[in-house]
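Printed here is final.cif (mmCIF, C-alpha atoms, pLDDT in the B column; chains and numbers go by the auth columns):
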```
data_run
loop_
_atom_site.group_PDB
_atom_site.id
_atom_site.type_symbol
_atom_site.label_atom_id
_atom_site.label_comp_id
_atom_site.label_asym_id
_atom_site.label_seq_id
_atom_site.Cartn_x
_atom_site.Cartn_y
_atom_site.Cartn_z
_atom_site.B_iso_or_equiv
_atom_site.auth_seq_id
_atom_site.auth_asym_id
ATOM 1 C CA MET A 1 0.000 0.000 0.000 54.00 1 A
ATOM 2 C CA THR A 2 1.380 3.408 -0.992 52.00 2 A
ATOM 3 C CA PRO A 3 1.137 6.220 1.573 54.00 3 A
ATOM 4 C CA ASP A 4 -0.459 9.573 0.717 58.00 4 A
ATOM 5 C CA LEU A 5 2.510 11.696 -0.477 56.00 5 A
ATOM 6 C CA SER A 6 3.183 14.595 -2.831 62.00 6 A
ATOM 7 C CA PRO A 7 4.067 13.540 -6.426 63.00 7 A
ATOM 8 C CA LEU A 8 7.806 14.157 -5.970 60.00 8 A
ATOM 9 C CA ARG A 9 7.910 12.266 -2.684 64.00 9 A
ATOM 10 C CA LEU A 10 5.783 9.495 -4.195 61.00 10 A
ATOM 11 C CA ILE A 11 8.334 9.013 -6.990 64.00 11 A
ATOM 12 C CA ALA A 12 11.164 8.882 -4.460 62.00 12 A
ATOM 13 C CA TYR A 13 9.174 6.430 -2.311 63.00 13 A
ATOM 14 C CA ARG A 14 8.597 4.161 -5.304 64.00 14 A
ATOM 15 C CA VAL A 15 12.283 4.335 -6.259 58.00 15 A
ATOM 16 C CA LEU A 16 13.272 3.319 -2.740 58.00 16 A
ATOM 17 C CA ARG A 17 10.756 0.465 -2.731 64.00 17 A
ATOM 18 C CA SER A 18 11.725 -0.777 -6.204 60.00 18 A
ATOM 19 C CA VAL A 19 15.369 -1.497 -5.345 53.00 19 A
ATOM 20 C CA PRO A 20 15.738 -5.215 -5.995 52.00 20 A
ATOM 21 C CA ILE A 21 17.064 -7.616 -3.397 47.00 21 A
ATOM 22 C CA ARG A 22 19.020 -9.599 -5.984 48.00 22 A
ATOM 23 C CA PRO A 23 21.935 -7.884 -7.748 47.00 23 A
ATOM 24 C CA PHE A 24 21.715 -6.340 -11.200 47.00 24 A
ATOM 25 C CA LEU A 25 23.236 -8.493 -13.919 47.00 25 A
ATOM 26 C CA VAL A 26 25.780 -6.248 -15.589 49.00 26 A
ATOM 27 C CA GLY A 27 27.817 -7.593 -18.475 51.00 27 A
ATOM 28 C CA ARG A 28 28.064 -11.377 -18.662 50.00 28 A
ATOM 29 C CA PRO A 29 25.537 -13.575 -16.869 50.00 29 A
ATOM 30 C CA ALA A 30 26.673 -15.256 -13.668 49.00 30 A
ATOM 31 C CA THR A 31 26.600 -18.712 -15.332 51.00 31 A
ATOM 32 C CA HIS A 32 29.540 -17.899 -17.617 49.00 32 A
ATOM 33 C CA GLN A 33 32.158 -17.772 -14.863 52.00 33 A
ATOM 34 C CA ALA A 34 32.453 -19.526 -11.577 50.00 34 A
ATOM 35 C CA GLY A 35 32.512 -17.042 -8.727 53.00 35 A
ATOM 36 C CA SER A 36 31.142 -14.180 -10.819 51.00 36 A
ATOM 37 C CA ALA A 37 27.968 -13.909 -8.734 53.00 37 A
ATOM 38 C CA ARG A 38 30.056 -12.632 -5.842 51.00 38 A
ATOM 39 C CA HIS A 39 31.677 -10.104 -8.166 50.00 39 A
ATOM 40 C CA LEU A 40 28.288 -9.001 -9.486 49.00 40 A
ATOM 41 C CA ALA A 41 26.892 -8.721 -5.952 50.00 41 A
ATOM 42 C CA GLY A 42 29.724 -6.342 -5.092 49.00 42 A
ATOM 43 C CA SER A 43 29.140 -4.240 -8.195 49.00 43 A
ATOM 44 C CA ALA A 44 25.378 -4.206 -7.580 48.00 44 A
ATOM 45 C CA THR A 45 25.850 -2.257 -4.375 48.00 45 A
ATOM 46 C CA LEU A 46 27.683 0.353 -6.430 48.00 46 A
ATOM 47 C CA LEU A 47 24.649 0.596 -8.720 51.00 47 A
ATOM 48 C CA ILE A 48 22.000 0.583 -5.976 53.00 48 A
ATOM 49 C CA ARG A 49 23.586 3.063 -3.582 58.00 49 A
ATOM 50 C CA PRO A 50 23.460 6.163 -5.851 59.00 50 A
ATOM 51 C CA ALA A 51 19.776 5.544 -6.660 61.00 51 A
ATOM 52 C CA THR A 52 18.778 5.165 -3.030 63.00 52 A
ATOM 53 C CA HIS A 53 20.890 8.120 -1.989 62.00 53 A
ATOM 54 C CA LEU A 54 19.284 10.299 -4.675 63.00 54 A
ATOM 55 C CA ALA A 55 15.812 9.182 -3.608 62.00 55 A
ATOM 56 C CA ARG A 56 16.581 9.994 0.031 63.00 56 A
ATOM 57 C CA VAL A 57 17.905 13.423 -0.942 59.00 57 A
ATOM 58 C CA ILE A 58 14.690 14.086 -2.878 62.00 58 A
ATOM 59 C CA LEU A 59 12.600 12.950 0.065 58.00 59 A
ATOM 60 C CA THR A 60 14.385 15.218 2.521 60.00 60 A
ATOM 61 C CA ALA A 61 14.907 18.257 0.298 54.00 61 A
ATOM 62 C CA SER A 62 11.580 18.401 -1.526 55.00 62 A
ATOM 63 C CA SER A 63 9.762 20.128 1.306 59.00 63 A
ATOM 64 C CA HIS A 64 12.524 22.644 2.083 65.00 64 A
ATOM 65 C CA LEU A 65 13.148 24.383 -1.259 70.00 65 A
ATOM 66 C CA VAL A 66 11.389 27.659 -2.076 75.00 66 A
ATOM 67 C CA LEU A 67 11.982 29.852 -5.129 78.00 67 A
ATOM 68 C CA THR A 68 11.032 33.522 -5.175 82.00 68 A
ATOM 69 C CA PRO A 69 12.600 35.310 -8.168 82.00 69 A
ATOM 70 C CA ASP A 70 13.700 38.875 -7.522 83.00 70 A
ATOM 71 C CA THR A 71 15.794 40.919 -9.960 81.00 71 A
ATOM 72 C CA GLY A 72 16.941 43.190 -7.144 82.00 72 A
ATOM 73 C CA ALA A 73 18.355 40.339 -5.044 84.00 73 A
ATOM 74 C CA LEU A 74 21.709 40.316 -6.862 85.00 74 A
ATOM 75 C CA PRO A 75 23.915 43.239 -7.842 90.00 75 A
ATOM 76 C CA GLY A 76 23.231 44.331 -11.399 89.00 76 A
ATOM 77 C CA GLY A 77 19.581 43.311 -11.342 88.00 77 A
ATOM 78 C CA GLN A 78 18.402 46.766 -12.458 89.00 78 A
ATOM 79 C CA VAL A 79 20.993 46.751 -15.249 92.00 79 A
ATOM 80 C CA LEU A 80 19.695 43.374 -16.418 91.00 80 A
ATOM 81 C CA GLN A 81 16.104 44.661 -16.322 90.00 81 A
ATOM 82 C CA GLY A 82 17.126 47.713 -18.354 92.00 82 A
ATOM 83 C CA LEU A 83 18.962 45.467 -20.830 94.00 83 A
ATOM 84 C CA MET A 84 15.871 43.281 -21.279 93.00 84 A
ATOM 85 C CA ASN A 85 13.657 46.351 -21.815 94.00 85 A
ATOM 86 C CA GLY A 86 16.108 47.747 -24.366 96.00 86 A
ATOM 87 C CA LEU A 87 16.324 44.435 -26.229 96.00 87 A
ATOM 88 C CA ASP A 88 12.522 44.254 -26.339 95.00 88 A
ATOM 89 C CA GLY A 89 12.385 47.765 -27.784 96.00 89 A
ATOM 90 C CA TRP A 90 14.964 46.972 -30.461 97.00 90 A
ATOM 91 C CA ALA A 91 13.254 43.696 -31.313 97.00 91 A
ATOM 92 C CA LEU A 92 9.907 45.450 -31.756 97.00 92 A
ATOM 93 C CA ALA A 93 11.529 48.136 -33.923 97.00 93 A
ATOM 94 C CA LEU A 94 13.152 45.491 -36.126 97.00 94 A
ATOM 95 C CA SER A 95 9.854 43.649 -36.327 97.00 95 A
ATOM 96 C CA LEU A 96 8.177 46.829 -37.534 97.00 96 A
ATOM 97 C CA VAL A 97 10.908 47.370 -40.138 97.00 97 A
ATOM 98 C CA GLY A 98 10.461 43.776 -41.362 97.00 98 A
ATOM 99 C CA LEU A 99 6.708 44.271 -41.528 97.00 99 A
ATOM 100 C CA VAL A 100 7.024 47.456 -43.602 97.00 100 A
ATOM 101 C CA ILE A 101 9.606 45.953 -45.983 97.00 101 A
ATOM 102 C CA GLY A 102 7.522 42.770 -46.327 97.00 102 A
ATOM 103 C CA ALA A 103 4.370 44.775 -47.060 97.00 103 A
ATOM 104 C CA ALA A 104 6.233 46.801 -49.697 97.00 104 A
ATOM 105 C CA ALA A 105 7.616 43.642 -51.332 96.00 105 A
ATOM 106 C CA TRP A 106 4.162 42.058 -51.236 96.00 106 A
ATOM 107 C CA ALA A 107 2.598 45.095 -52.886 96.00 107 A
ATOM 108 C CA LEU A 108 5.283 45.437 -55.560 96.00 108 A
ATOM 109 C CA GLY A 109 5.244 41.711 -56.323 95.00 109 A
ATOM 110 C CA SER A 110 1.485 41.682 -56.561 94.00 110 A
ATOM 111 C CA HIS A 111 1.446 44.760 -58.782 93.00 111 A
ATOM 112 C CA GLY A 112 4.178 43.361 -61.053 94.00 112 A
ATOM 113 C CA GLN A 113 2.570 39.908 -61.121 92.00 113 A
ATOM 114 C CA ASN A 114 5.710 38.385 -59.620 93.00 114 A
ATOM 115 C CA TYR A 115 4.495 35.437 -57.568 93.00 115 A
ATOM 116 C CA GLN A 116 7.849 34.798 -55.842 94.00 116 A
ATOM 117 C CA GLN A 117 8.244 38.398 -54.668 94.00 117 A
ATOM 118 C CA SER A 118 4.671 38.605 -53.421 95.00 118 A
ATOM 119 C CA PHE A 119 5.077 35.285 -51.604 96.00 119 A
ATOM 120 C CA VAL A 120 8.318 36.416 -49.917 96.00 120 A
ATOM 121 C CA GLY A 121 6.668 39.735 -48.935 96.00 121 A
ATOM 122 C CA ARG A 122 3.615 37.963 -47.514 97.00 122 A
ATOM 123 C CA ARG A 123 5.857 35.590 -45.554 97.00 123 A
ATOM 124 C CA ALA A 124 7.876 38.546 -44.175 97.00 124 A
ATOM 125 C CA VAL A 125 4.675 40.266 -43.024 97.00 125 A
ATOM 126 C CA LEU A 126 3.435 37.133 -41.274 97.00 126 A
ATOM 127 C CA ILE A 127 6.777 36.372 -39.637 97.00 127 A
ATOM 128 C CA SER A 128 7.215 39.979 -38.470 97.00 128 A
ATOM 129 C CA GLY A 129 3.712 40.008 -37.019 97.00 129 A
ATOM 130 C CA PHE A 130 4.290 36.683 -35.267 97.00 130 A
ATOM 131 C CA ALA A 131 7.624 37.964 -33.913 97.00 131 A
ATOM 132 C CA ALA A 132 5.909 41.058 -32.491 97.00 132 A
ATOM 133 C CA LEU A 133 3.253 38.820 -30.945 97.00 133 A
ATOM 134 C CA LEU A 134 5.892 36.646 -29.261 96.00 134 A
ATOM 135 C CA ILE A 135 7.869 39.673 -28.072 96.00 135 A
ATOM 136 C CA GLY A 136 4.774 41.163 -26.476 95.00 136 A
ATOM 137 C CA ALA A 137 3.563 37.875 -25.020 96.00 137 A
ATOM 138 C CA GLY A 138 7.031 36.679 -23.934 94.00 138 A
ATOM 139 C CA PRO A 139 6.881 37.803 -20.289 94.00 139 A
ATOM 140 C CA GLY A 140 3.337 36.462 -19.953 95.00 140 A
ATOM 141 C CA ILE A 141 4.319 33.084 -21.428 96.00 141 A
ATOM 142 C CA VAL A 142 7.326 32.790 -19.105 94.00 142 A
ATOM 143 C CA ASN A 143 5.221 33.810 -16.097 93.00 143 A
ATOM 144 C CA PHE A 144 2.502 31.328 -17.069 95.00 144 A
ATOM 145 C CA PHE A 145 4.935 28.412 -17.145 94.00 145 A
ATOM 146 C CA PHE A 146 6.679 29.595 -13.950 92.00 146 A
ATOM 147 C CA ASN A 147 3.358 29.831 -12.096 91.00 147 A
ATOM 148 C CA THR A 148 2.304 26.437 -13.470 92.00 148 A
ATOM 149 C CA GLY A 149 5.574 24.983 -12.236 89.00 149 A
ATOM 150 C CA GLN A 150 5.038 26.560 -8.819 86.00 150 A
ATOM 151 C CA GLY A 151 1.735 24.711 -8.575 83.00 151 A
ATOM 152 C CA VAL A 152 3.513 21.316 -8.640 82.00 152 A
ATOM 153 C CA HIS A 153 4.042 20.090 -5.082 72.00 153 A
#
```

Encoding of this model in structure tokens:
Amino acid sequence: MTPDLSPLRLIAYRVLRSVPIRPFLVGRPATHQAGSARHLAGSATLLIRPATHLARVILTASSHLVLTPDTGALPGGQVLQGLMNGLDGWALALSLVGLVIGAAAWALGSHGQNYQQSFVGRRAVLISGFAALLIGAGPGIVNFFFNTGQGVH
């Protein structure tokens, strides 16, 4: 019967409970050499110990870790925030330039009945618009996944 635990602790509990009593067969089977079972039993403890140690570390540390991101917690946090804001501004400006150039190429290609030029212009408009969408939604997307990850206990 499995006790009522959080998902991370439940995984660690199952790892601890799934450690086999008999040794892992690594390499040749024990029937190929006389006395190899003793050798394999010694090497099995080397394979089992890291798994059980990791599971115990997860069990003990899973309830103690807390993450609260703060850009002001380290020196240079305001500089990093300013750098991100500047990069967002430049990225939006370049997206606008791509949109205008793509629209011009689309219009000229359509007017000159040049399918390739109109296709490349249309693709540039769509890609520039999608880039602007991702730039604007970027912080919200990152926050969504961070908050979703915070909900896992």

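Between atom CA of A:Ser95 and atom CA of A:Tyr115 lies a distance of 23.4 Å.
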
Applying the PyMOL selection byres ((chain A and resi 122-127) around 12) to the file I just gave you, which residues come out? Please list them as a ChimeraX atom specification. /A:94-110,115-121,128-134

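When only C-alpha atoms are used to measure the gap to A:Thr68, the shortest distance among A:His111, A:Asn147, A:Gly89, A:Leu80 belongs to A:Asn147.
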
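Atom CA of A:Gln81 lies 14.3 Å from atom CA of A:Gly138.
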
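Here the question is which of A:Ala91, A:Leu65, A:Leu74, A:Met84 gets nearest to A:Ile135 using all atoms listed in the file, and that residue is A:Ala91.
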